[in-house]
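Printed here is target_36.tsv (TSV, N, CA and C atoms):
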```tsv
chain	number	residue	atom	x	y	z
A	16	MET	N	0.84	-1.18	0.00
A	16	MET	CA	0.00	0.00	0.00
A	16	MET	C	0.88	1.24	0.00
A	17	ILE	N	0.40	2.25	-0.68
A	17	ILE	CA	1.09	3.54	-0.69
A	17	ILE	C	0.11	4.64	-0.31
A	18	TYR	N	0.66	5.72	0.23
A	18	TYR	CA	-0.18	6.84	0.66
A	18	TYR	C	-0.59	7.73	-0.50
A	19	THR	N	0.32	7.90	-1.42
A	19	THR	CA	0.04	8.84	-2.49
A	19	THR	C	0.75	8.39	-3.76
A	20	PRO	N	0.12	8.41	-4.89
A	20	PRO	CA	-1.24	8.92	-5.05
A	20	PRO	C	-2.24	7.96	-4.42
A	21	ILE	N	-3.33	8.50	-3.94
A	21	ILE	CA	-4.37	7.67	-3.33
A	21	ILE	C	-4.99	6.75	-4.38
A	22	GLU	N	-5.26	7.31	-5.53
A	22	GLU	CA	-5.87	6.50	-6.60
A	22	GLU	C	-4.79	6.08	-7.59
A	23	THR	N	-4.30	4.87	-7.44
A	23	THR	CA	-3.27	4.34	-8.33
A	23	THR	C	-3.94	3.65	-9.53
A	24	GLU	N	-3.14	3.27	-10.49
A	24	GLU	CA	-3.65	2.53	-11.64
A	24	GLU	C	-4.29	1.22	-11.19
A	25	LEU	N	-3.68	0.55	-10.22
A	25	LEU	CA	-4.24	-0.70	-9.69
A	25	LEU	C	-5.60	-0.46	-9.05
A	26	ILE	N	-5.72	0.60	-8.25
A	26	ILE	CA	-7.00	0.93	-7.61
A	26	ILE	C	-8.06	1.22	-8.68
A	27	ARG	N	-7.70	1.99	-9.69
A	27	ARG	CA	-8.65	2.30	-10.77
A	27	ARG	C	-9.09	1.04	-11.50
A	28	ALA	N	-8.13	0.18	-11.83
A	28	ALA	CA	-8.46	-1.06	-12.56
A	28	ALA	C	-9.34	-1.98	-11.72
A	29	ALA	N	-9.01	-2.13	-10.46
A	29	ALA	CA	-9.78	-3.00	-9.58
A	29	ALA	C	-11.20	-2.46	-9.39
A	30	THR	N	-11.31	-1.15	-9.22
A	30	THR	CA	-12.62	-0.52	-9.06
A	30	THR	C	-13.46	-0.72	-10.32
A	31	ALA	N	-12.84	-0.55	-11.46
A	31	ALA	CA	-13.54	-0.73	-12.74
A	31	ALA	C	-14.08	-2.15	-12.89
A	32	LYS	N	-13.41	-3.12	-12.31
A	32	LYS	CA	-13.86	-4.51	-12.38
A	32	LYS	C	-14.82	-4.87	-11.25
A	33	GLY	N	-15.14	-3.87	-10.41
A	33	GLY	CA	-16.10	-4.10	-9.35
A	33	GLY	C	-15.51	-4.65	-8.06
A	34	ALA	N	-14.19	-4.66	-7.95
A	34	ALA	CA	-13.54	-5.17	-6.74
A	34	ALA	C	-13.66	-4.17	-5.60
A	35	ARG	N	-13.68	-4.67	-4.41
A	35	ARG	CA	-13.64	-3.82	-3.22
A	35	ARG	C	-12.19	-3.43	-3.01
A	36	VAL	N	-11.93	-2.14	-2.84
A	36	VAL	CA	-10.55	-1.67	-2.72
A	36	VAL	C	-10.36	-0.85	-1.45
A	37	LEU	N	-9.14	-0.82	-1.00
A	37	LEU	CA	-8.71	0.05	0.10
A	37	LEU	C	-7.48	0.79	-0.37
A	38	THR	N	-7.43	2.08	-0.13
A	38	THR	CA	-6.26	2.86	-0.49
A	38	THR	C	-5.32	2.95	0.70
A	39	GLY	N	-4.17	3.56	0.50
A	39	GLY	CA	-3.22	3.74	1.58
A	39	GLY	C	-3.61	4.85	2.54
A	40	GLY	N	-4.66	5.59	2.24
A	40	GLY	CA	-5.09	6.69	3.11
A	40	GLY	C	-5.46	6.22	4.50
A	41	GLY	N	-6.20	5.15	4.60
A	41	GLY	CA	-6.59	4.61	5.90
A	41	GLY	C	-5.38	4.15	6.70
A	42	MET	N	-4.43	3.53	6.02
A	42	MET	CA	-3.22	3.08	6.69
A	42	MET	C	-2.44	4.27	7.22
A	43	CYS	N	-2.34	5.32	6.43
A	43	CYS	CA	-1.62	6.51	6.84
A	43	CYS	C	-2.26	7.12	8.09
A	44	VAL	N	-3.58	7.24	8.08
A	44	VAL	CA	-4.29	7.82	9.22
A	44	VAL	C	-4.10	6.97	10.47
A	45	HIS	N	-4.27	5.67	10.33
A	45	HIS	CA	-4.19	4.80	11.51
A	45	HIS	C	-2.75	4.70	12.05
A	46	GLN	N	-1.76	4.78	11.19
A	46	GLN	CA	-0.38	4.84	11.68
A	46	GLN	C	-0.16	6.14	12.45
A	47	GLY	N	-0.75	7.23	11.94
A	47	GLY	CA	-0.65	8.50	12.65
A	47	GLY	C	-1.34	8.46	14.00
A	48	VAL	N	-2.49	7.81	14.05
A	48	VAL	CA	-3.23	7.65	15.31
A	48	VAL	C	-2.37	6.90	16.32
A	49	ASP	N	-1.80	5.79	15.89
A	49	ASP	CA	-0.97	4.99	16.80
A	49	ASP	C	0.27	5.75	17.25
A	50	ALA	N	0.91	6.46	16.33
A	50	ALA	CA	2.10	7.23	16.69
A	50	ALA	C	1.75	8.33	17.69
A	51	PHE	N	0.65	9.03	17.44
A	51	PHE	CA	0.24	10.10	18.34
A	51	PHE	C	-0.01	9.54	19.74
A	52	ARG	N	-0.72	8.42	19.80
A	52	ARG	CA	-1.02	7.80	21.09
A	52	ARG	C	0.26	7.36	21.81
A	53	LEU	N	1.21	6.78	21.08
A	53	LEU	CA	2.47	6.34	21.67
A	53	LEU	C	3.29	7.51	22.21
A	54	PHE	N	3.33	8.61	21.46
A	54	PHE	CA	4.14	9.76	21.88
A	54	PHE	C	3.49	10.59	22.98
A	55	THR	N	2.15	10.67	22.96
A	55	THR	CA	1.49	11.58	23.90
A	55	THR	C	0.71	10.88	25.01
A	56	GLY	N	0.36	9.61	24.80
A	56	GLY	CA	-0.49	8.90	25.75
A	56	GLY	C	-1.96	9.26	25.58
A	57	ILE	N	-2.27	10.06	24.58
A	57	ILE	CA	-3.64	10.50	24.31
A	57	ILE	C	-4.14	9.79	23.05
A	58	THR	N	-5.34	9.23	23.13
A	58	THR	CA	-5.93	8.60	21.95
A	58	THR	C	-6.67	9.67	21.14
A	59	PRO	N	-6.20	9.93	19.92
A	59	PRO	CA	-6.84	10.97	19.12
A	59	PRO	C	-8.16	10.50	18.51
A	60	ASP	N	-8.90	11.44	18.00
A	60	ASP	CA	-10.17	11.19	17.32
A	60	ASP	C	-9.86	10.71	15.89
A	61	VAL	N	-10.07	9.42	15.65
A	61	VAL	CA	-9.74	8.83	14.34
A	61	VAL	C	-10.57	9.46	13.23
A	62	THR	N	-11.84	9.68	13.49
A	62	THR	CA	-12.72	10.27	12.47
A	62	THR	C	-12.23	11.66	12.09
A	63	ARG	N	-11.86	12.44	13.08
A	63	ARG	CA	-11.35	13.80	12.81
A	63	ARG	C	-10.04	13.74	12.03
A	64	MET	N	-9.14	12.82	12.41
A	64	MET	CA	-7.87	12.71	11.70
A	64	MET	C	-8.08	12.29	10.26
A	65	HIS	N	-9.02	11.38	10.03
A	65	HIS	CA	-9.31	10.95	8.66
A	65	HIS	C	-9.88	12.11	7.85
A	66	ARG	N	-10.77	12.90	8.47
A	66	ARG	CA	-11.36	14.06	7.79
A	66	ARG	C	-10.28	15.08	7.43
A	67	VAL	N	-9.36	15.35	8.36
A	67	VAL	CA	-8.28	16.31	8.11
A	67	VAL	C	-7.34	15.78	7.02
A	68	PHE	N	-7.03	14.49	7.07
A	68	PHE	CA	-6.17	13.87	6.04
A	68	PHE	C	-6.81	14.05	4.66
A	69	THR	N	-8.09	13.72	4.56
A	69	THR	CA	-8.80	13.82	3.29
A	69	THR	C	-8.83	15.26	2.78
A	70	ALA	N	-9.09	16.21	3.68
A	70	ALA	CA	-9.12	17.62	3.29
A	70	ALA	C	-7.74	18.10	2.85
A	71	ALA	N	-6.70	17.71	3.58
A	71	ALA	CA	-5.33	18.12	3.23
A	71	ALA	C	-4.92	17.52	1.89
A	72	LEU	N	-5.30	16.30	1.64
A	72	LEU	CA	-4.98	15.64	0.37
A	72	LEU	C	-5.69	16.35	-0.78
A	73	ALA	N	-6.96	16.70	-0.57
A	73	ALA	CA	-7.71	17.41	-1.61
A	73	ALA	C	-7.09	18.77	-1.89
A	74	GLU	N	-6.68	19.46	-0.83
A	74	GLU	CA	-6.03	20.77	-1.00
A	74	GLU	C	-4.71	20.63	-1.75
A	75	ARG	N	-3.94	19.62	-1.39
A	75	ARG	CA	-2.67	19.38	-2.10
A	75	ARG	C	-2.94	19.12	-3.57
A	76	ASP	N	-3.95	18.28	-3.86
A	76	ASP	CA	-4.27	17.96	-5.24
A	76	ASP	C	-4.71	19.21	-6.01
A	77	ARG	N	-5.52	20.07	-5.36
A	77	ARG	CA	-5.93	21.32	-6.02
A	77	ARG	C	-4.72	22.20	-6.31
A	78	ALA	N	-3.82	22.31	-5.34
A	78	ALA	CA	-2.65	23.17	-5.49
A	78	ALA	C	-1.75	22.71	-6.63
A	79	PHE	N	-1.69	21.40	-6.85
A	79	PHE	CA	-0.83	20.87	-7.90
A	79	PHE	C	-1.59	20.50	-9.16
A	80	GLY	N	-2.89	20.82	-9.19
A	80	GLY	CA	-3.69	20.56	-10.39
A	80	GLY	C	-3.89	19.08	-10.64
A	81	LEU	N	-3.92	18.27	-9.60
A	81	LEU	CA	-4.12	16.84	-9.76
A	81	LEU	C	-5.60	16.50	-9.77
A	82	ALA	N	-5.95	15.36	-10.32
A	82	ALA	CA	-7.35	14.93	-10.38
A	82	ALA	C	-7.88	14.68	-8.98
A	83	GLN	N	-9.15	14.93	-8.81
A	83	GLN	CA	-9.82	14.64	-7.54
A	83	GLN	C	-9.93	13.14	-7.37
A	84	HIS	N	-10.04	12.71	-6.13
A	84	HIS	CA	-10.12	11.29	-5.82
A	84	HIS	C	-11.10	11.09	-4.68
A	85	ALA	N	-11.46	9.85	-4.49
A	85	ALA	CA	-12.29	9.48	-3.33
A	85	ALA	C	-11.46	8.57	-2.45
A	86	ASP	N	-11.58	8.76	-1.16
A	86	ASP	CA	-10.84	7.90	-0.24
A	86	ASP	C	-11.78	7.26	0.73
```
Let me see the structure of the file written as structure tokens.
Amino acid sequence: MIYTPIETELIRAATAKGARVLTGGGMCVHQGVDAFRLFTGITPDVTRMHRVFTAALAERDRAFGLAQHAD
């Protein structure tokens, strides 16, 4: 799995064939959740972190003129 690009050629091909897919976005968020908890002792809000990740990725894509994606 890779974090970026979120929508790889493999993800697009699998989706086109009707396969259930997972991108690296979830892995990135959950690794961040675990790291935050290990360093601070505080369990972060996973939903909020996923929302921020998705928004930051969309902003990055807009800034670089990349295609929109779904995560």
List every residue of chain A that DSSP, applied to the backbone of this structure, assigns to helix (DSSP H, G or I), and report them as a ChimeraX atom specification.
/A:24-31,39-55,61-78
Atomic distance atom C of Gly56 (chain A) - atom C of Cys43 (chain A), expressed in Å with one decimal:
17.6 Å
When you draw a straight line from atom C of Leu81 (chain A) to atom C of Ile26 (chain A), how long is it in Å?
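Separation of atom C of Leu81 (chain A) and atom C of Ile26 (chain A): 15.5 Å.
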Skip region 72-80 of chain A itself and residues of its chain fewer than 5 positions away, then list as a ChimeraX atom specification all residues within 9 Å of it, counting only C-alpha atoms.
/A:19,21,67
Restricting the output to N, CA and C atoms, write the selected residues as a PDB file, in the frame of the given file.
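Once everything was written out, this is out.pdb:
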```pdb
ATOM      1  N   THR A  19       0.320   7.900  -1.420  1.00  0.00           N
ATOM      2  CA  THR A  19       0.040   8.840  -2.490  1.00  0.00           C
ATOM      3  C   THR A  19       0.750   8.390  -3.760  1.00  0.00           C
ATOM      4  N   ILE A  21      -3.330   8.500  -3.940  1.00  0.00           N
ATOM      5  CA  ILE A  21      -4.370   7.670  -3.330  1.00  0.00           C
ATOM      6  C   ILE A  21      -4.990   6.750  -4.380  1.00  0.00           C
ATOM      7  N   VAL A  67      -9.360  15.350   8.360  1.00  0.00           N
ATOM      8  CA  VAL A  67      -8.280  16.310   8.110  1.00  0.00           C
ATOM      9  C   VAL A  67      -7.340  15.780   7.020  1.00  0.00           C
TER      10      VAL A  67
END
```
Any chance you could work out the axis-aligned box around region 32-47 of chain A, listed atoms only, 4 Å on each side, giving centre and edge lengths in Å to one decimal, as JSON?
```
{"center_x": -8.1, "center_y": 1.7, "center_z": 0.8, "size_x": 23.9, "size_y": 21.7, "size_z": 34.4}
```
Among the residues A:Ala34, A:Gly40, A:His45, A:Thr58, the one that comes closest to Glu22 (chain A) [using only N, CA and C atoms]:
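Among the listed residues, A:Gly40 lies closest to Glu22 (chain A).
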May I ask for the distance between CA of Pro59 (chain A) and CA of Met42 (chain A), given in Å to one decimal place?
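Straight-line distance from CA of Pro59 (chain A) to CA of Met42 (chain A) works out to 15.2 Å.
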Measuring between all atoms listed in the file, which one of A:Val36, A:Ala29, A:Ile17, A:Val44 shows the shortest distance to His65 (chain A)?
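The shortest atom-to-atom distance to His65 (chain A) comes from A:Val44.
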Residue completion, region 46-57 of chain A, all heavy atoms, as a PDB file, in the coordinates of the input:
```pdb
ATOM      1  N   GLN A  46      -1.760   4.780  11.190  1.00  0.00           N
ATOM      2  CA  GLN A  46      -0.380   4.840  11.680  1.00  0.00           C
ATOM      3  C   GLN A  46      -0.160   6.140  12.450  1.00  0.00           C
ATOM      4  O   GLN A  46       0.509   6.152  13.482  1.00  0.00           O
ATOM      5  CB  GLN A  46       0.608   4.738  10.517  1.00  0.00           C
ATOM      6  CG  GLN A  46       0.731   3.341   9.984  1.00  0.00           C
ATOM      7  CD  GLN A  46       1.684   3.250   8.801  1.00  0.00           C
ATOM      8  OE1 GLN A  46       1.988   4.244   8.135  1.00  0.00           O
ATOM      9  NE2 GLN A  46       2.152   2.048   8.521  1.00  0.00           N
ATOM     10  N   GLY A  47      -0.750   7.230  11.940  1.00  0.00           N
ATOM     11  CA  GLY A  47      -0.650   8.500  12.650  1.00  0.00           C
ATOM     12  C   GLY A  47      -1.340   8.460  14.000  1.00  0.00           C
ATOM     13  O   GLY A  47      -0.824   8.998  14.990  1.00  0.00           O
ATOM     14  N   VAL A  48      -2.490   7.810  14.050  1.00  0.00           N
ATOM     15  CA  VAL A  48      -3.230   7.650  15.310  1.00  0.00           C
ATOM     16  C   VAL A  48      -2.370   6.900  16.320  1.00  0.00           C
ATOM     17  O   VAL A  48      -2.225   7.329  17.476  1.00  0.00           O
ATOM     18  CB  VAL A  48      -4.572   6.918  15.076  1.00  0.00           C
ATOM     19  CG1 VAL A  48      -5.177   6.424  16.379  1.00  0.00           C
ATOM     20  CG2 VAL A  48      -5.549   7.820  14.335  1.00  0.00           C
ATOM     21  N   ASP A  49      -1.800   5.790  15.890  1.00  0.00           N
ATOM     22  CA  ASP A  49      -0.970   4.990  16.800  1.00  0.00           C
ATOM     23  C   ASP A  49       0.270   5.750  17.250  1.00  0.00           C
ATOM     24  O   ASP A  49       0.630   5.722  18.430  1.00  0.00           O
ATOM     25  CB  ASP A  49      -0.554   3.675  16.141  1.00  0.00           C
ATOM     26  CG  ASP A  49      -1.702   2.687  16.023  1.00  0.00           C
ATOM     27  OD1 ASP A  49      -2.716   2.858  16.743  1.00  0.00           O
ATOM     28  OD2 ASP A  49      -1.590   1.749  15.221  1.00  0.00           O
ATOM     29  N   ALA A  50       0.910   6.460  16.330  1.00  0.00           N
ATOM     30  CA  ALA A  50       2.100   7.230  16.690  1.00  0.00           C
ATOM     31  C   ALA A  50       1.750   8.330  17.690  1.00  0.00           C
ATOM     32  O   ALA A  50       2.462   8.536  18.681  1.00  0.00           O
ATOM     33  CB  ALA A  50       2.744   7.829  15.441  1.00  0.00           C
ATOM     34  N   PHE A  51       0.650   9.030  17.440  1.00  0.00           N
ATOM     35  CA  PHE A  51       0.240  10.100  18.340  1.00  0.00           C
ATOM     36  C   PHE A  51      -0.010   9.540  19.740  1.00  0.00           C
ATOM     37  O   PHE A  51       0.424  10.111  20.744  1.00  0.00           O
ATOM     38  CB  PHE A  51      -1.035  10.779  17.800  1.00  0.00           C
ATOM     39  CG  PHE A  51      -1.451  12.000  18.570  1.00  0.00           C
ATOM     40  CD1 PHE A  51      -0.927  13.238  18.262  1.00  0.00           C
ATOM     41  CD2 PHE A  51      -2.364  11.897  19.614  1.00  0.00           C
ATOM     42  CE1 PHE A  51      -1.305  14.371  18.973  1.00  0.00           C
ATOM     43  CE2 PHE A  51      -2.747  13.015  20.337  1.00  0.00           C
ATOM     44  CZ  PHE A  51      -2.213  14.257  20.012  1.00  0.00           C
ATOM     45  N   ARG A  52      -0.720   8.420  19.800  1.00  0.00           N
ATOM     46  CA  ARG A  52      -1.020   7.800  21.090  1.00  0.00           C
ATOM     47  C   ARG A  52       0.260   7.360  21.810  1.00  0.00           C
ATOM     48  O   ARG A  52       0.419   7.561  23.003  1.00  0.00           O
ATOM     49  CB  ARG A  52      -1.968   6.615  20.914  1.00  0.00           C
ATOM     50  CG  ARG A  52      -2.425   6.021  22.229  1.00  0.00           C
ATOM     51  CD  ARG A  52      -3.452   4.903  22.103  1.00  0.00           C
ATOM     52  NE  ARG A  52      -2.993   3.819  21.252  1.00  0.00           N
ATOM     53  CZ  ARG A  52      -3.498   3.548  20.036  1.00  0.00           C
ATOM     54  NH1 ARG A  52      -4.472   4.270  19.533  1.00  0.00           N
ATOM     55  NH2 ARG A  52      -3.026   2.548  19.333  1.00  0.00           N
ATOM     56  N   LEU A  53       1.210   6.780  21.080  1.00  0.00           N
ATOM     57  CA  LEU A  53       2.470   6.340  21.670  1.00  0.00           C
ATOM     58  C   LEU A  53       3.290   7.510  22.210  1.00  0.00           C
ATOM     59  O   LEU A  53       3.903   7.411  23.272  1.00  0.00           O
ATOM     60  CB  LEU A  53       3.298   5.540  20.663  1.00  0.00           C
ATOM     61  CG  LEU A  53       2.775   4.144  20.347  1.00  0.00           C
ATOM     62  CD1 LEU A  53       3.540   3.556  19.159  1.00  0.00           C
ATOM     63  CD2 LEU A  53       2.888   3.229  21.559  1.00  0.00           C
ATOM     64  N   PHE A  54       3.330   8.610  21.460  1.00  0.00           N
ATOM     65  CA  PHE A  54       4.140   9.760  21.880  1.00  0.00           C
ATOM     66  C   PHE A  54       3.490  10.590  22.980  1.00  0.00           C
ATOM     67  O   PHE A  54       4.187  11.175  23.805  1.00  0.00           O
ATOM     68  CB  PHE A  54       4.459  10.663  20.681  1.00  0.00           C
ATOM     69  CG  PHE A  54       5.535  10.115  19.791  1.00  0.00           C
ATOM     70  CD1 PHE A  54       5.241   9.655  18.533  1.00  0.00           C
ATOM     71  CD2 PHE A  54       6.848  10.049  20.234  1.00  0.00           C
ATOM     72  CE1 PHE A  54       6.242   9.145  17.705  1.00  0.00           C
ATOM     73  CE2 PHE A  54       7.857   9.548  19.422  1.00  0.00           C
ATOM     74  CZ  PHE A  54       7.553   9.084  18.159  1.00  0.00           C
ATOM     75  N   THR A  55       2.150  10.670  22.960  1.00  0.00           N
ATOM     76  CA  THR A  55       1.490  11.580  23.900  1.00  0.00           C
ATOM     77  C   THR A  55       0.710  10.880  25.010  1.00  0.00           C
ATOM     78  O   THR A  55       0.381  11.505  26.008  1.00  0.00           O
ATOM     79  CB  THR A  55       0.491  12.493  23.149  1.00  0.00           C
ATOM     80  OG1 THR A  55      -0.591  11.695  22.650  1.00  0.00           O
ATOM     81  CG2 THR A  55       1.164  13.264  22.030  1.00  0.00           C
ATOM     82  N   GLY A  56       0.360   9.610  24.800  1.00  0.00           N
ATOM     83  CA  GLY A  56      -0.490   8.900  25.750  1.00  0.00           C
ATOM     84  C   GLY A  56      -1.960   9.260  25.580  1.00  0.00           C
ATOM     85  O   GLY A  56      -2.802   8.820  26.360  1.00  0.00           O
ATOM     86  N   ILE A  57      -2.270  10.060  24.580  1.00  0.00           N
ATOM     87  CA  ILE A  57      -3.640  10.500  24.310  1.00  0.00           C
ATOM     88  C   ILE A  57      -4.140   9.790  23.050  1.00  0.00           C
ATOM     89  O   ILE A  57      -3.452   9.765  22.038  1.00  0.00           O
ATOM     90  CB  ILE A  57      -3.697  12.025  24.096  1.00  0.00           C
ATOM     91  CG1 ILE A  57      -3.174  12.750  25.335  1.00  0.00           C
ATOM     92  CG2 ILE A  57      -5.104  12.475  23.732  1.00  0.00           C
ATOM     93  CD1 ILE A  57      -2.892  14.223  25.107  1.00  0.00           C
TER      94      ILE A  57
END
```
